[in-house]
Every structure is written in structure tokens, then in C-alpha cells.
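Heads up, the thing below is written out as C-alpha cells.
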Amino acid sequence: MFQKLEDVEKKYIELTEKISDPEIINNSQAEWKNYMKEHAELEPIVMKFREYKKVQKEYEEAKEMMNDPELKDLAEMEMLEKKELLPKIEEELKILLIPKDPDDEKDVICEIRAGTGGDEAALFAGTLFRMYTMYCERKHWKLEVLNENETGLGGYKEISFMITGKGAYSRMKFESGTHRVQRVPDTESSGRIHTSAATVAVLPVVEDVEIEINPADIKMDVFRASGAGGQHVNKTSSAVRLTHVPTGLVAECQTERSQVQNREYAMRLLKSRLYEIEKTKRDSELANARKTQVGSGDRSEKIRTYNYPQGRITDHRIGMSIYQMEDFLNGNLDEMINNLIAADRAERLKSE
């Protein structure tokens, strides 16, 4: 590990020189930005490594001072303090050295689809959407609805939306999978508990340079938007449906009044879906040895159960239960997500 840290520090010093080079600053902005990005990524590791070396030096100095009878007591206290601190810093360094998901800082597109359970599943999809809306408010992230298919009872057969905010993907990616609910529906006169489900997919928003689509592979259909919107809905074919012919993937957007804007959002959604296919393939190849990966993102995996009668939310990936149902559904997800991140880090440390 320490040889790796020495290499990282050496690279950091080289990058420090490059980002200060007037020739690079003035003549190659794109190259300078890349150096700045890499420099910023390495800085926390280097600062923590330098802290480790400083504490290690202070420990050695205190050890030498033990030979001086007048300073022995003071030196012993210093030595014990540094000895206790070193393994903590070492553990922090191990975590910092875990390869980061390159998508962690990206914005996300979320898709919620009602699964088994009919109208109750659609209502639960609506509950999940409200929960994520409130979570975004807590995190000061922006949420924009891209496409929605509402049911008459106020639920959603499906809804897709974009979340813009720092580190959105790093936290939201743990929400991918099947969410199951156990509750008594309003329509159930006998009070029988009903089980239904909704699937959540979390896709990183990708830039044009990350994935290219041949325009000849795209089939575009326009149609009239459905849902709220007054006269505009009935008169204008502003909704857009894009089909990627080679894969059969379809992306729709009908929330904007402008066909151009709807096409732009639909294209973003399509690119994110195509990117996710490649990402899943790449991640599965890299993680063959790590079958218990926490943030697998597999939509078929049952990740969480919301048990209303017991007021309990259980995440099956880490076996954690929370008993503040109302608080959780009002967007207080951080405790659960923090534990998922910690479990994922522990799993990654094992495989390093």
C-alpha cells in the first residue's frame, strides 16, 4: 500500500507543476482542465498520506525521547497518542485508495415503474417518487420530470425524472432495484395486507463525448402529450418518442411544451440507458470476484421492503431495518444510504 501511496504523491507533485505551467494554462485549456481534475482527485489521498508520515515521524521522535529520564513521562504520553492514531489514519488511507466510481459526481436519471400489484403498485410508485422528491429538497438538488404515465388514482404506471446536484449518482445509485411494499390498500374493505412492488432504475447522465449515437440509428415519432397541460395538450404534437433501432431501446418525453426540448431530454434518457448497458457489462466483468457487491443496480433484485403494519423499512442487502416509516418516506434517507455506502466500501476493501 505504501509504495502505491508514494507513487500517488509523486504523480501529485508532477501535476502540481503542470497546473502551474503558464504555457499549459495559456495554450491548452482542455489539457489544463484535465490536469486540474486529476490533481483535485489525488489531493485528499496525498494530504492524508502526508498526515500519516508526520504522525509516524512524531512517534519515532517520541520513542527516542524515552531515553531521556527527564522527558520520559511526556515522551510516553506522546508515543501512546501517536501509536493509537496511526492505525486510524491507515484505515482512512485504505478507504481513500479504493477506486472511485467515475460516475459518482454525475447527475442522474431515475425511472420508477409499477410492478406486480395493479393499482396498489402504481400508488406505491407515486409514494417512492414523493420520497425522492423530498430527499432532493433535503439535499438541495434540482428535480425535473421527464416523462410520466399517471393512473386515475394518483399513482404512476411509470415516471422518469432527472436529478441535478453534487454527488447525486454516488448516493442515488443504491436505490436501483425492486422495492416491495406490504400495506392495507384504501380499497381493501376487509383490512387484508396487500404485497406489491415497484422497480427503480438510476442511470448516470452522460456527456456526448462518453457515448456516441449514429443519427441514422434513431427513429423519432411525435405525438400529442397526455395529462395536465390544458389546450396545449390537445392541439400540439410536442411529445417525442425516440427508438434506438439496433437495440430496440425506447425513450419518451412529453413534459415540455417544446418538441425540441422534449427531443433533447429523450436523447439524454436514451444515451443514459445505452451507457448503463455498457457500464453494467463492464462492472460485472470487473466484479466477478465480488458477488456480494452492494450497489449492483440490478432491477430484478429485491432490495427493500416497506412494511406499513410494523412501521418498518428493511434493506435486504445489508440487513438493516429502520422503524421511522413516516420520517423515511418524507425523504430522510441518509442514515440508510450512509450504511449502504459503508457496506460497499467494506466489500471493496475485501476485494482489493
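Chains: A, B, ... in order of the C-alpha cells. Residues: from 1 per chain. Ligands: from 1, in order shown.
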
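Residues surrounding A:Leu93 within 8 Å are A:Ile45, A:Lys48, A:Phe49, A:Ile89, A:Glu90, A:Leu96, A:Leu97 [only C-alpha atoms; sequence separation below 3 positions excluded].
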
May I have the residues within 7 Å of A:Ser160 as a PDB file with C-alpha atoms, in the first residue's frame, using only C-alpha atoms and disregarding those fewer than 5 positions away in the same chain?
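File produced: out_21.pdb:
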ATOM      1  CA  ILE A 109     -31.973   9.983 -14.456  1.00  0.00           C
ATOM      2  CA  CYS A 110     -34.320   7.904 -12.295  1.00  0.00           C
ATOM      3  CA  GLU A 111     -37.083   5.689 -13.598  1.00  0.00           C
ATOM      4  CA  ILE A 112     -39.794   4.259 -11.352  1.00  0.00           C
ATOM      5  CA  VAL A 145     -39.860  15.263 -14.508  1.00  0.00           C
ATOM      6  CA  LEU A 146     -39.062  13.925 -18.000  1.00  0.00           C
ATOM      7  CA  ASN A 147     -41.954  11.570 -18.605  1.00  0.00           C
ATOM      8  CA  GLU A 148     -44.930  10.280 -16.635  1.00  0.00           C
TER       9      GLU A 148
END

Practice prompt. From a DSSP pass on the backbone, collect the residues of stretch 136-190 of chain A flagged as strand (DSSP E) and hand them back as a ChimeraX atom specification.
Written response: /A:142-150,156-164,177-183

Discussion item. Ranking A:Val184, A:Leu274, A:Ala40, A:Leu249 by minimum distance to A:Ser196 and counting only C-alpha atoms, which one comes first?
Written reply: A:Val184

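In this model, the gap between atom CA of A:Lys33 and atom CA of A:Ser170 comes to 22.3 Å.
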
Discussion item. I'd like the interatomic distance between atom CA of A:Leu5 and atom CA of A:Glu64, to a tenth of an Å.
Written reply: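 A separation of 26.4 Å between them.
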
Fill in: Residue with smallest distance to A:Glu347 - pool A:Thr280, A:Arg317, A:Lys302, A:Tyr52, counting only C-alpha atoms
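Comparing A:Thr280, A:Arg317, A:Lys302, A:Tyr52 against A:Glu347, the winner is A:Arg317.
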
Determine, using only C-alpha atoms, which residues of stretch 123-170 of chain A have any atom at most 12 Å from an atom of stretch 329-336 of chain A, and tabulate each with its shortest atom pair and distance in Å to one decimal place, rows ordered by chain and then rising number, as a Markdown table.
| residue | atom | partner | partner_atom | distance |
| --- | --- | --- | --- | --- |
| A:Phe124 | CA | A:Leu329 | CA | 11.0 |
| A:Gly126 | CA | A:Leu329 | CA | 11.2 |
| A:Thr127 | CA | A:Leu329 | CA | 7.6 |
| A:Leu128 | CA | A:Leu329 | CA | 7.6 |
| A:Phe129 | CA | A:Leu329 | CA | 9.7 |
| A:Arg130 | CA | A:Asn330 | CA | 7.7 |
| A:Met131 | CA | A:Gly331 | CA | 4.9 |
| A:Tyr132 | CA | A:Gly331 | CA | 6.2 |
| A:Thr133 | CA | A:Gly331 | CA | 7.4 |
| A:Met134 | CA | A:Gly331 | CA | 4.7 |
| A:Tyr135 | CA | A:Gly331 | CA | 4.1 |
| A:Cys136 | CA | A:Gly331 | CA | 7.8 |
| A:Glu137 | CA | A:Gly331 | CA | 8.3 |
| A:Arg138 | CA | A:Gly331 | CA | 7.3 |
| A:Lys139 | CA | A:Gly331 | CA | 9.6 |

Based on the selection just made, write C-alpha atoms of those residues as a short mmCIF file (atom, residue, chain, number, x, y, z; two decimals), in the first residue's frame.
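selection-v4.cif written:
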data_model
loop_
_atom_site.label_atom_id
_atom_site.label_comp_id
_atom_site.auth_asym_id
_atom_site.auth_seq_id
_atom_site.Cartn_x
_atom_site.Cartn_y
_atom_site.Cartn_z
CA PHE A 124 -46.56 2.82 -4.31
CA GLY A 126 -46.16 7.50 -6.51
CA THR A 127 -45.07 7.14 -2.87
CA LEU A 128 -41.49 6.44 -3.96
CA PHE A 129 -41.49 9.44 -6.30
CA ARG A 130 -42.70 11.69 -3.47
CA MET A 131 -39.98 10.24 -1.19
CA TYR A 132 -37.23 11.00 -3.71
CA THR A 133 -38.67 14.48 -4.35
CA MET A 134 -38.41 15.25 -0.65
CA TYR A 135 -34.92 13.73 -0.45
CA CYS A 136 -33.83 16.06 -3.27
CA GLU A 137 -35.22 19.02 -1.33
CA ARG A 138 -33.18 17.99 1.72
CA LYS A 139 -30.01 17.70 -0.41
#

Worksheet item: Using only C-alpha atoms, which of A:Lys72, A:Phe223, A:Glu326, A:Phe2 sits nearest A:Lys53?
Response: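 Among the listed residues, A:Phe2 lies closest to A:Lys53.
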